[in-house]
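Structure file structure_1.txt (compact mmCIF, C-alpha atoms and all ligand atoms) follows.
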```
# COMPACT_ATOMS: atom_id res chain seq x y z
CA MET A 1 0.00 0.00 0.00
CA ALA A 2 1.21 3.52 -0.80
CA LYS A 3 1.88 5.66 2.26
CA PHE A 4 -1.15 7.66 3.43
CA GLN A 5 -0.54 8.72 7.02
CA ILE A 6 -2.15 11.21 9.38
CA ASN A 7 0.29 12.89 11.80
CA ILE A 8 -1.06 14.79 14.80
CA LEU A 9 1.08 17.82 15.69
CA GLY A 10 -1.48 19.62 17.84
CA CYS A 11 -4.91 18.69 19.17
CA GLY A 12 -5.76 21.20 21.88
CA SER A 13 -8.17 24.11 21.52
CA ALA A 14 -7.89 27.87 22.01
CA THR A 15 -4.55 28.24 23.84
CA PRO A 16 -1.38 26.14 24.08
CA THR A 17 -1.11 24.18 27.34
CA PRO A 18 1.61 21.95 28.84
CA ARG A 19 -0.39 18.98 27.53
CA HIS A 20 -1.43 20.12 24.08
CA ASN A 21 -0.44 22.34 21.16
CA PRO A 22 -3.17 24.08 19.16
CA SER A 23 -4.47 22.42 15.99
CA CYS A 24 -2.10 21.09 13.36
CA GLN A 25 -1.94 17.89 11.35
CA VAL A 26 0.33 16.76 8.54
CA ILE A 27 -0.86 14.26 5.96
CA ASP A 28 2.05 12.27 4.52
CA TYR A 29 0.91 10.99 1.15
CA ARG A 30 3.65 9.06 -0.66
CA ASP A 31 6.24 11.33 1.04
CA ASN A 32 4.49 14.55 -0.02
CA LEU A 33 3.46 16.52 3.07
CA PHE A 34 0.16 18.40 3.33
CA MET A 35 -0.37 20.48 6.47
CA ILE A 36 -3.87 21.15 7.82
CA ASP A 37 -4.09 24.10 10.20
CA CYS A 38 -0.97 25.61 11.71
CA GLY A 39 -1.33 26.63 15.34
CA GLU A 40 1.61 27.84 17.39
CA GLY A 41 4.26 25.17 17.94
CA SER A 42 3.61 23.43 14.60
CA GLN A 43 7.12 23.89 13.21
CA SER A 44 8.71 22.63 16.46
CA MET A 45 6.52 19.54 16.27
CA MET A 46 7.55 18.99 12.64
CA ARG A 47 11.15 18.88 13.85
CA ARG A 48 10.35 16.59 16.76
CA MET A 49 8.49 14.23 14.46
CA LYS A 50 11.43 14.37 12.01
CA MET A 51 9.47 15.70 9.04
CA ASN A 52 11.28 17.03 6.01
CA PHE A 53 10.32 20.70 5.53
CA THR A 54 11.25 20.59 1.84
CA ARG A 55 8.45 18.09 1.18
CA LEU A 56 5.78 20.51 2.42
CA ASN A 57 4.19 22.31 -0.54
CA HIS A 58 0.54 22.78 0.46
CA ILE A 59 -0.99 24.14 3.67
CA PHE A 60 -4.75 24.18 4.28
CA LEU A 61 -6.22 26.47 6.96
CA SER A 62 -9.71 25.76 8.24
CA HIS A 63 -10.40 29.26 9.59
CA MET A 64 -8.84 32.41 10.92
CA HIS A 65 -8.91 31.78 14.65
CA GLY A 66 -5.47 32.06 16.21
CA ASP A 67 -5.32 28.45 17.42
CA HIS A 68 -5.48 27.32 13.77
CA CYS A 69 -3.24 29.80 11.97
CA LEU A 70 -0.81 31.73 14.20
CA GLY A 71 1.98 29.22 13.58
CA LEU A 72 1.97 29.99 9.86
CA PRO A 73 4.05 33.22 9.80
CA GLY A 74 6.79 31.52 11.87
CA LEU A 75 6.77 28.41 9.70
CA LEU A 76 7.00 30.38 6.44
CA SER A 77 9.75 32.57 7.93
CA THR A 78 11.74 29.44 8.83
CA LEU A 79 11.29 28.04 5.32
CA SER A 80 12.82 31.30 4.00
CA LEU A 81 15.85 30.85 6.24
CA HIS A 82 16.27 27.33 4.83
CA GLU A 83 16.63 28.92 1.40
CA ARG A 84 14.09 26.56 -0.01
CA THR A 85 13.00 27.02 -3.58
CA GLY A 86 9.82 26.36 -5.52
CA LYS A 87 6.39 27.29 -4.22
CA VAL A 88 4.30 26.85 -1.09
CA THR A 89 0.57 27.28 -1.56
CA VAL A 90 -1.61 28.25 1.41
CA HIS A 91 -5.32 27.50 0.96
CA LEU A 92 -7.44 29.53 3.38
CA PRO A 93 -10.81 31.20 3.81
CA ALA A 94 -10.94 34.35 1.68
CA GLU A 95 -11.14 36.67 4.71
CA GLY A 96 -7.64 35.60 5.76
CA VAL A 97 -5.79 36.27 2.50
CA ASN A 98 -4.95 39.97 2.94
CA ILE A 99 -3.85 39.71 6.56
CA MET A 100 -1.68 36.63 6.01
CA LYS A 101 -0.22 38.12 2.84
CA SER A 102 0.76 41.37 4.57
CA ILE A 103 2.36 39.49 7.49
CA THR A 104 4.39 37.25 5.22
CA ASP A 105 5.28 40.12 2.84
CA PHE A 106 6.86 41.77 5.88
CA PHE A 107 8.57 38.79 7.54
CA CYS A 108 9.53 36.87 4.39
CA ARG A 109 10.84 39.85 2.40
CA GLU A 110 13.94 37.99 1.33
CA SER A 111 12.12 34.75 0.68
CA THR A 112 13.81 32.40 -1.77
CA PHE A 113 10.56 30.72 -2.72
CA GLU A 114 7.10 31.75 -3.89
CA ILE A 115 4.26 31.90 -1.34
CA ALA A 116 0.83 31.71 -2.98
CA PHE A 117 -2.43 32.32 -1.13
CA GLU A 118 -5.46 30.59 -2.62
CA PRO A 119 -8.80 31.76 -1.21
CA VAL A 120 -11.43 29.14 -0.39
CA THR A 121 -14.90 30.61 -0.93
CA GLY A 122 -18.59 29.67 -1.03
CA ASP A 123 -19.17 25.93 -0.83
CA GLY A 124 -15.48 25.14 -1.24
CA GLY A 125 -14.82 22.50 -3.92
CA VAL A 126 -11.61 20.96 -5.25
CA VAL A 127 -8.56 22.86 -3.91
CA PHE A 128 -5.82 20.39 -4.91
CA ASP A 129 -5.75 17.85 -7.71
CA SER A 130 -3.11 15.36 -8.85
CA PRO A 131 -3.28 12.04 -10.74
CA ALA A 132 -3.35 10.14 -7.41
CA LEU A 133 -5.04 12.44 -4.89
CA GLU A 134 -7.74 15.10 -4.68
CA VAL A 135 -8.39 17.52 -1.79
CA ARG A 136 -11.80 19.12 -1.51
CA ALA A 137 -12.94 21.87 0.87
CA PHE A 138 -16.45 21.89 2.35
CA PRO A 139 -18.20 24.29 4.74
CA LEU A 140 -18.22 23.80 8.51
CA TYR A 141 -20.52 25.66 10.91
CA HIS A 142 -18.54 27.83 13.31
CA ARG A 143 -18.51 31.49 14.44
CA VAL A 144 -16.46 32.64 11.42
CA PRO A 145 -16.12 31.23 7.86
CA CYS A 146 -14.67 27.75 8.36
CA TYR A 147 -13.86 24.81 6.06
CA GLY A 148 -13.19 21.12 6.46
CA TYR A 149 -10.94 19.27 4.01
CA ILE A 150 -11.36 15.79 2.56
CA PHE A 151 -8.42 13.91 1.04
CA ARG A 152 -9.50 11.25 -1.46
CA GLU A 153 -7.22 8.89 -3.30
CA LYS A 154 -8.23 8.28 -6.89
CA ALA A 155 -8.97 4.78 -8.18
CA LYS A 156 -5.78 2.74 -8.23
CA LEU A 157 -4.39 0.44 -10.92
CA ARG A 158 -4.84 -3.35 -10.74
CA HIS A 159 -1.86 -5.46 -9.68
CA ILE A 160 -0.06 -7.37 -12.45
CA LYS A 161 0.48 -11.13 -11.93
CA GLY A 162 4.10 -11.28 -13.06
CA ASP A 163 4.20 -15.01 -13.75
CA MET A 164 1.05 -14.91 -15.91
CA VAL A 165 2.24 -11.88 -17.88
CA LYS A 166 5.46 -13.79 -18.61
CA PHE A 167 3.58 -16.97 -19.52
CA HIS A 168 1.44 -15.12 -22.11
CA ASN A 169 4.40 -13.07 -23.42
CA VAL A 170 2.61 -9.76 -22.81
CA PRO A 171 4.76 -6.86 -24.05
CA VAL A 172 5.60 -4.02 -21.65
CA SER A 173 3.73 -1.57 -23.92
CA ALA A 174 0.44 -3.37 -23.12
CA LEU A 175 0.85 -3.36 -19.33
CA HIS A 176 -0.69 0.05 -18.56
CA ASP A 177 -3.98 -0.79 -20.32
CA ILE A 178 -4.03 -4.15 -18.54
CA LYS A 179 -3.50 -2.46 -15.16
CA CYS A 180 -6.50 -0.28 -16.08
CA GLY A 181 -8.62 -3.40 -16.63
CA ALA A 182 -8.19 -4.25 -20.34
CA ASP A 183 -8.00 -7.83 -21.64
CA TYR A 184 -4.92 -8.81 -23.66
CA VAL A 185 -5.45 -9.83 -27.29
CA LYS A 186 -2.67 -11.97 -28.76
CA HIS A 187 -1.52 -11.70 -32.40
CA ASP A 188 -3.57 -14.78 -33.32
CA GLY A 189 -6.73 -13.16 -31.87
CA THR A 190 -6.79 -15.21 -28.67
CA VAL A 191 -8.16 -13.13 -25.79
CA VAL A 192 -6.54 -13.44 -22.35
CA PRO A 193 -9.07 -12.08 -19.86
CA ASN A 194 -7.87 -9.37 -17.51
CA ALA A 195 -8.67 -11.48 -14.45
CA ALA A 196 -6.03 -14.01 -15.57
CA LEU A 197 -3.36 -11.31 -15.69
CA THR A 198 -4.16 -9.11 -12.69
CA SER A 199 -5.44 -9.10 -9.13
CA ASP A 200 -7.60 -6.45 -7.49
CA ALA A 201 -6.24 -2.95 -6.98
CA ASP A 202 -5.71 -1.66 -3.44
CA PRO A 203 -8.80 0.25 -2.26
CA ALA A 204 -8.72 4.04 -2.67
CA MET A 205 -8.71 5.57 0.82
CA SER A 206 -10.07 8.84 2.14
CA TYR A 207 -9.60 11.11 5.16
CA ALA A 208 -11.73 14.05 6.31
CA TYR A 209 -10.72 16.81 8.73
CA CYS A 210 -13.51 18.68 10.54
CA SER A 211 -12.50 21.47 12.92
CA ASP A 212 -14.06 23.70 14.26
CA THR A 213 -17.79 23.16 13.91
CA MET A 214 -21.02 22.79 15.79
CA PHE A 215 -22.97 19.58 15.23
CA ASP A 216 -24.65 19.77 11.83
CA GLU A 217 -25.99 16.94 9.68
CA ARG A 218 -24.64 18.64 6.56
CA VAL A 219 -21.14 17.78 7.78
CA ALA A 220 -22.03 14.06 7.80
CA GLU A 221 -23.37 14.45 4.26
CA ALA A 222 -20.15 16.16 3.11
CA VAL A 223 -17.95 13.33 4.45
CA ARG A 224 -20.24 10.39 3.64
CA GLY A 225 -18.34 7.11 3.19
CA VAL A 226 -14.99 8.47 4.38
CA ASP A 227 -12.57 5.89 5.79
CA VAL A 228 -11.13 7.96 8.64
CA LEU A 229 -12.81 11.06 10.07
CA TYR A 230 -11.24 13.63 12.36
CA HIS A 231 -13.95 15.62 14.11
CA GLU A 232 -13.46 18.20 16.80
CA SER A 233 -14.69 17.19 20.26
CA THR A 234 -14.12 20.27 22.35
CA TYR A 235 -16.51 19.38 25.18
CA SER A 236 -18.29 16.52 26.91
CA SER A 237 -22.08 16.21 26.72
CA GLU A 238 -22.71 18.07 29.97
CA LEU A 239 -21.50 21.21 28.16
CA ALA A 240 -23.62 20.62 25.04
CA VAL A 241 -25.33 24.01 25.33
CA GLN A 242 -22.02 25.83 25.64
CA ALA A 243 -20.66 23.84 22.70
CA ARG A 244 -23.51 24.99 20.48
CA GLN A 245 -23.25 28.60 21.64
CA ARG A 246 -19.54 28.69 20.83
CA GLY A 247 -19.80 26.86 17.50
CA HIS A 248 -18.22 23.64 18.79
CA SER A 249 -19.18 19.97 19.25
CA THR A 250 -19.22 17.44 22.05
CA ALA A 251 -17.46 14.08 21.75
CA ARG A 252 -20.85 12.38 21.48
CA GLU A 253 -21.85 14.70 18.61
CA ALA A 254 -18.58 13.94 16.81
CA ALA A 255 -19.40 10.24 17.11
CA GLU A 256 -22.92 10.89 15.77
CA ILE A 257 -21.40 12.50 12.68
CA ALA A 258 -19.04 9.52 12.22
CA ARG A 259 -21.97 7.08 12.55
CA MET A 260 -24.21 9.03 10.17
CA ALA A 261 -21.38 9.36 7.62
CA GLY A 262 -20.59 5.62 7.74
CA ALA A 263 -16.94 6.29 8.59
CA ARG A 264 -14.70 3.36 9.58
CA LYS A 265 -12.68 5.21 12.25
CA LEU A 266 -13.07 8.43 14.21
CA ILE A 267 -10.22 10.54 15.57
CA ILE A 268 -11.27 13.11 18.17
CA GLY A 269 -9.37 16.24 19.24
CA HIS A 270 -9.48 20.02 19.79
CA TYR A 271 -9.97 19.32 23.47
CA SER A 272 -10.93 22.11 25.86
CA LYS A 273 -8.11 22.68 28.33
CA ARG A 274 -10.44 21.78 31.21
CA TYR A 275 -10.03 18.05 30.36
CA THR A 276 -6.90 16.62 31.94
CA ASP A 277 -7.91 13.11 30.87
CA VAL A 278 -9.32 12.92 27.34
CA GLU A 279 -10.37 9.29 27.89
CA LEU A 280 -13.55 10.79 29.33
CA LEU A 281 -14.32 12.24 25.91
CA ALA A 282 -13.28 9.04 24.11
CA ARG A 283 -15.59 6.95 26.33
CA GLU A 284 -18.48 9.25 25.57
CA ALA A 285 -17.84 8.95 21.83
CA ARG A 286 -17.59 5.14 22.06
CA GLU A 287 -21.14 4.98 23.40
CA VAL A 288 -22.21 5.98 19.86
CA PHE A 289 -19.39 4.80 17.58
CA ASP A 290 -17.08 1.76 17.92
CA VAL A 291 -13.67 2.82 16.68
CA VAL A 292 -12.61 6.05 18.41
CA ILE A 293 -8.98 7.19 18.53
CA PRO A 294 -8.23 10.11 20.87
CA ALA A 295 -5.66 12.37 19.17
CA GLU A 296 -2.43 13.19 20.96
CA GLU A 297 0.68 15.03 19.86
CA GLY A 298 3.03 12.71 18.02
CA LEU A 299 0.33 10.18 17.07
CA ARG A 300 0.59 8.70 13.59
CA VAL A 301 -2.40 6.91 12.01
CA ASP A 302 -1.99 4.94 8.78
CA LEU A 303 -4.98 4.65 6.48
CA LEU A 304 -5.23 0.94 5.89
ZN ZN B 401 -10.14 26.10 17.42
ZN ZN B 402 -12.37 28.39 15.93
```

Written as structure tokens, that's how I'd like the structure from this file.
Amino acid sequence: MAKFQINILGCGSATPTPRHNPSCQVIDYRDNLFMIDCGEGSQSMMRRMKMNFTRLNHIFLSHMHGDHCLGLPGLLSTLSLHERTGKVTVHLPAEGVNIMKSITDFFCRESTFEIAFEPVTGDGGVVFDSPALEVRAFPLYHRVPCYGYIFREKAKLRHIKGDMVKFHNVPVSALHDIKCGADYVKHDGTVVPNAALTSDADPAMSYAYCSDTMFDERVAEAVRGVDVLYHESTYSSELAVQARQRGHSTAREAAEIARMAGARKLIIGHYSKRYTDVELLAREAREVFDVVIPAEEGLRVDLL
């Protein structure tokens, strides 16, 4: 299986604490790094987790609250000092473009690489596209414009059965079509069915990131069928009213979204600093949904 790994760099809410950094995750897809949110401390965590800064080319910000974006100027400034080249693209809600651009114009004046800001607007849509992977933004329901991001692998090629390909003398030039599902037709017209030459492709995997948001069924609709879902779980159920008032969710509500979406696994995070033991939140979520992983700094989750 190709590498598709979620790395948790920060999973606290609002302010940094001795236990947690503010929100940041890095998706490692085949050694290309995609950062989602960039709270304070994100670049230190990248170092601690031994991530290669030169492989980071895309950063996605959910919204313009400090616990999701104040690490960005420092990170971009550090990249300048590394004399990196090429381009880093920051995808962010439109209201953040001018402020982030003026900060980086000031602090990265001697930057050796291009910093591009791509506004995410309206209902979101595709924000990154490659032959293997697509990233799509979708609206969340918070106090300011806020977006979730879903990473979807595209359909993969079938696996070639080497011994059978050799047995039927299939030329290399025919292999791509066969990996795509074609039969092989020999010179004498004999058809070798695809199933004789290949085995099933690995399943295409998907990951959705939802932070910050109040409980809303439209979120479940947006992430329907996702393999792994990260959903903020700022509070426990006893603070459900406060959660709604502040545009956040409880752990139980996060689990409801995972259940409604038909996800396979749920990662919870964005914990309020009042919780010294996040197992309380995980237990609450498990009353609704079976596979709940409480995020913690340094955690790596492979999509398998
Ligand atoms: Zn937040
Ligand atoms: Zn927020």

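Closest approach to Asn98 (chain A) among A:Met64, A:Met1, A:Leu157, A:Val126 is made by A:Met64 (distances from all atoms listed in the file).
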
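Look at Leu79 (chain A): the protein and nucleic acid residues within 9 Å of it, using all atoms listed in the file and passing over chain neighbours fewer than 2 places away, are Phe53, Thr54, Gly74, Leu75, Leu76, Ser77, Leu81, His82, Glu83, Arg84, Ser111, Thr112 and Phe113 of chain A.
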
Please write out the residues within 6 Å of ligand ZN 401 (chain B) as a list of chain:residue names, counting all atoms listed in the file.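 Result of the 6 Å neighbour search around ligand ZN 401 (chain B): A:Ser13, A:Ala14, A:Asp67, A:Asp212.
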
If you keep C-alpha atoms, can you produce a file of those selected residues as a PDB file, in the coordinates of the input?
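Result saved to result.pdb:
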```
ATOM      1  CA  SER A  13      -8.170  24.110  21.520  1.00  0.00           C
ATOM      2  CA  ALA A  14      -7.890  27.870  22.010  1.00  0.00           C
ATOM      3  CA  ASP A  67      -5.320  28.450  17.420  1.00  0.00           C
ATOM      4  CA  ASP A 212     -14.060  23.700  14.260  1.00  0.00           C
TER       5      ASP A 212
END
```

Given the choices A:His270, A:His187, A:Arg48, A:Arg264, which gets closest to Asp227 (chain A) if the distance is worked out from all atoms listed in the file? A:Arg264

For Leu9 (chain A), which of A:Cys38, A:Met45, A:Ile103, A:Val135 is the closest residue, counting only C-alpha atoms?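 Of A:Cys38, A:Met45, A:Ile103, A:Val135, the one nearest Leu9 (chain A), counting only C-alpha atoms, is A:Met45.
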
Interatomic distance, CA of Arg152 (chain A) to CA of Ala132 (chain A) (Å, one decimal):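 Separating CA of Arg152 (chain A) from CA of Ala132 (chain A) is a distance of 8.6 Å.
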
Excluding Lys3 (chain A) and residues on its chain fewer than 2 positions from it, collect all residues at most 8 Å away from it, counting only C-alpha atoms, and give them as a PyMOL selection string. chain A and resi 1+5+28-31+302

For the atom pair CA of Tyr141 (chain A) and CA of Asp216 (chain A), what is the interatomic distance in Å to one decimal place?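 According to the coordinates, CA of Tyr141 (chain A) and CA of Asp216 (chain A) are separated by 7.3 Å.
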
Residue rebuild result region 149-183 of chain A, N, CA and C atoms as a PDB file, in the frame of the given file:
```pdb
ATOM      1  N   TYR A 149     -11.638  19.736   5.213  1.00  0.00           N
ATOM      2  CA  TYR A 149     -10.940  19.270   4.010  1.00  0.00           C
ATOM      3  C   TYR A 149     -11.022  17.759   3.940  1.00  0.00           C
ATOM      4  N   ILE A 150     -11.312  17.246   2.744  1.00  0.00           N
ATOM      5  CA  ILE A 150     -11.360  15.790   2.560  1.00  0.00           C
ATOM      6  C   ILE A 150     -10.327  15.386   1.514  1.00  0.00           C
ATOM      7  N   PHE A 151      -9.482  14.441   1.903  1.00  0.00           N
ATOM      8  CA  PHE A 151      -8.420  13.910   1.040  1.00  0.00           C
ATOM      9  C   PHE A 151      -8.914  12.584   0.475  1.00  0.00           C
ATOM     10  N   ARG A 152      -9.027  12.494  -0.835  1.00  0.00           N
ATOM     11  CA  ARG A 152      -9.500  11.250  -1.460  1.00  0.00           C
ATOM     12  C   ARG A 152      -8.478  10.756  -2.469  1.00  0.00           C
ATOM     13  N   GLU A 153      -8.040   9.512  -2.270  1.00  0.00           N
ATOM     14  CA  GLU A 153      -7.220   8.890  -3.300  1.00  0.00           C
ATOM     15  C   GLU A 153      -8.093   8.592  -4.507  1.00  0.00           C
ATOM     16  N   LYS A 154      -7.491   8.665  -5.688  1.00  0.00           N
ATOM     17  CA  LYS A 154      -8.230   8.280  -6.890  1.00  0.00           C
ATOM     18  C   LYS A 154      -8.111   6.765  -7.084  1.00  0.00           C
ATOM     19  N   ALA A 155      -8.974   6.232  -7.949  1.00  0.00           N
ATOM     20  CA  ALA A 155      -8.970   4.780  -8.180  1.00  0.00           C
ATOM     21  C   ALA A 155      -7.563   4.328  -8.564  1.00  0.00           C
ATOM     22  N   LYS A 156      -7.140   3.217  -7.994  1.00  0.00           N
ATOM     23  CA  LYS A 156      -5.780   2.740  -8.230  1.00  0.00           C
ATOM     24  C   LYS A 156      -5.748   1.682  -9.340  1.00  0.00           C
ATOM     25  N   LEU A 157      -4.552   1.429  -9.850  1.00  0.00           N
ATOM     26  CA  LEU A 157      -4.390   0.440 -10.920  1.00  0.00           C
ATOM     27  C   LEU A 157      -4.386  -0.977 -10.333  1.00  0.00           C
ATOM     28  N   ARG A 158      -4.837  -1.945 -11.174  1.00  0.00           N
ATOM     29  CA  ARG A 158      -4.840  -3.350 -10.740  1.00  0.00           C
ATOM     30  C   ARG A 158      -3.400  -3.867 -10.661  1.00  0.00           C
ATOM     31  N   HIS A 159      -3.200  -4.888  -9.832  1.00  0.00           N
ATOM     32  CA  HIS A 159      -1.860  -5.460  -9.680  1.00  0.00           C
ATOM     33  C   HIS A 159      -1.606  -6.507 -10.778  1.00  0.00           C
ATOM     34  N   ILE A 160      -0.447  -6.408 -11.414  1.00  0.00           N
ATOM     35  CA  ILE A 160      -0.060  -7.370 -12.450  1.00  0.00           C
ATOM     36  C   ILE A 160       0.401  -8.688 -11.799  1.00  0.00           C
ATOM     37  N   LYS A 161      -0.050  -9.820 -12.352  1.00  0.00           N
ATOM     38  CA  LYS A 161       0.480 -11.130 -11.930  1.00  0.00           C
ATOM     39  C   LYS A 161       1.683 -11.416 -12.822  1.00  0.00           C
ATOM     40  N   GLY A 162       2.875 -11.203 -12.263  1.00  0.00           N
ATOM     41  CA  GLY A 162       4.100 -11.280 -13.060  1.00  0.00           C
ATOM     42  C   GLY A 162       4.269 -12.591 -13.799  1.00  0.00           C
ATOM     43  N   ASP A 163       3.978 -13.706 -13.112  1.00  0.00           N
ATOM     44  CA  ASP A 163       4.200 -15.010 -13.750  1.00  0.00           C
ATOM     45  C   ASP A 163       3.264 -15.208 -14.941  1.00  0.00           C
ATOM     46  N   MET A 164       2.021 -14.731 -14.835  1.00  0.00           N
ATOM     47  CA  MET A 164       1.050 -14.910 -15.910  1.00  0.00           C
ATOM     48  C   MET A 164       1.377 -14.010 -17.109  1.00  0.00           C
ATOM     49  N   VAL A 165       1.845 -12.801 -16.813  1.00  0.00           N
ATOM     50  CA  VAL A 165       2.240 -11.880 -17.880  1.00  0.00           C
ATOM     51  C   VAL A 165       3.386 -12.500 -18.682  1.00  0.00           C
ATOM     52  N   LYS A 166       4.315 -13.137 -17.953  1.00  0.00           N
ATOM     53  CA  LYS A 166       5.460 -13.790 -18.610  1.00  0.00           C
ATOM     54  C   LYS A 166       4.975 -14.984 -19.451  1.00  0.00           C
ATOM     55  N   PHE A 167       4.085 -15.765 -18.856  1.00  0.00           N
ATOM     56  CA  PHE A 167       3.580 -16.970 -19.520  1.00  0.00           C
ATOM     57  C   PHE A 167       2.904 -16.629 -20.861  1.00  0.00           C
ATOM     58  N   HIS A 168       2.163 -15.501 -20.881  1.00  0.00           N
ATOM     59  CA  HIS A 168       1.440 -15.120 -22.110  1.00  0.00           C
ATOM     60  C   HIS A 168       2.260 -14.180 -22.998  1.00  0.00           C
ATOM     61  N   ASN A 169       3.526 -13.952 -22.635  1.00  0.00           N
ATOM     62  CA  ASN A 169       4.400 -13.070 -23.420  1.00  0.00           C
ATOM     63  C   ASN A 169       3.793 -11.700 -23.677  1.00  0.00           C
ATOM     64  N   VAL A 170       3.231 -11.086 -22.649  1.00  0.00           N
ATOM     65  CA  VAL A 170       2.610  -9.760 -22.810  1.00  0.00           C
ATOM     66  C   VAL A 170       3.723  -8.716 -22.891  1.00  0.00           C
ATOM     67  N   PRO A 171       3.712  -7.878 -23.945  1.00  0.00           N
ATOM     68  CA  PRO A 171       4.760  -6.860 -24.050  1.00  0.00           C
ATOM     69  C   PRO A 171       4.557  -5.739 -23.016  1.00  0.00           C
ATOM     70  N   VAL A 172       5.662  -5.096 -22.649  1.00  0.00           N
ATOM     71  CA  VAL A 172       5.600  -4.020 -21.650  1.00  0.00           C
ATOM     72  C   VAL A 172       4.630  -2.925 -22.096  1.00  0.00           C
ATOM     73  N   SER A 173       4.578  -2.662 -23.404  1.00  0.00           N
ATOM     74  CA  SER A 173       3.730  -1.570 -23.920  1.00  0.00           C
ATOM     75  C   SER A 173       2.244  -1.807 -23.631  1.00  0.00           C
ATOM     76  N   ALA A 174       1.857  -3.064 -23.356  1.00  0.00           N
ATOM     77  CA  ALA A 174       0.440  -3.370 -23.120  1.00  0.00           C
ATOM     78  C   ALA A 174       0.077  -3.310 -21.629  1.00  0.00           C
ATOM     79  N   LEU A 175       1.102  -3.181 -20.768  1.00  0.00           N
ATOM     80  CA  LEU A 175       0.850  -3.360 -19.330  1.00  0.00           C
ATOM     81  C   LEU A 175      -0.051  -2.275 -18.730  1.00  0.00           C
ATOM     82  N   HIS A 176       0.108  -1.019 -19.180  1.00  0.00           N
ATOM     83  CA  HIS A 176      -0.690   0.050 -18.560  1.00  0.00           C
ATOM     84  C   HIS A 176      -2.186  -0.200 -18.780  1.00  0.00           C
ATOM     85  N   ASP A 177      -2.556  -0.529 -20.033  1.00  0.00           N
ATOM     86  CA  ASP A 177      -3.980  -0.790 -20.320  1.00  0.00           C
ATOM     87  C   ASP A 177      -4.481  -1.971 -19.491  1.00  0.00           C
ATOM     88  N   ILE A 178      -3.631  -2.970 -19.319  1.00  0.00           N
ATOM     89  CA  ILE A 178      -4.030  -4.150 -18.540  1.00  0.00           C
ATOM     90  C   ILE A 178      -4.228  -3.780 -17.071  1.00  0.00           C
ATOM     91  N   LYS A 179      -3.328  -2.932 -16.550  1.00  0.00           N
ATOM     92  CA  LYS A 179      -3.500  -2.460 -15.160  1.00  0.00           C
ATOM     93  C   LYS A 179      -4.800  -1.676 -15.007  1.00  0.00           C
ATOM     94  N   CYS A 180      -5.243  -1.041 -16.117  1.00  0.00           N
ATOM     95  CA  CYS A 180      -6.500  -0.280 -16.080  1.00  0.00           C
ATOM     96  C   CYS A 180      -7.722  -1.179 -16.267  1.00  0.00           C
ATOM     97  N   GLY A 181      -7.490  -2.469 -16.545  1.00  0.00           N
ATOM     98  CA  GLY A 181      -8.620  -3.400 -16.630  1.00  0.00           C
ATOM     99  C   GLY A 181      -8.846  -4.023 -17.997  1.00  0.00           C
ATOM    100  N   ALA A 182      -7.979  -3.709 -18.987  1.00  0.00           N
ATOM    101  CA  ALA A 182      -8.190  -4.250 -20.340  1.00  0.00           C
ATOM    102  C   ALA A 182      -7.783  -5.728 -20.417  1.00  0.00           C
ATOM    103  N   ASP A 183      -8.440  -6.474 -21.307  1.00  0.00           N
ATOM    104  CA  ASP A 183      -8.000  -7.830 -21.640  1.00  0.00           C
ATOM    105  C   ASP A 183      -6.777  -7.708 -22.550  1.00  0.00           C
TER     106      ASP A 183
END
```
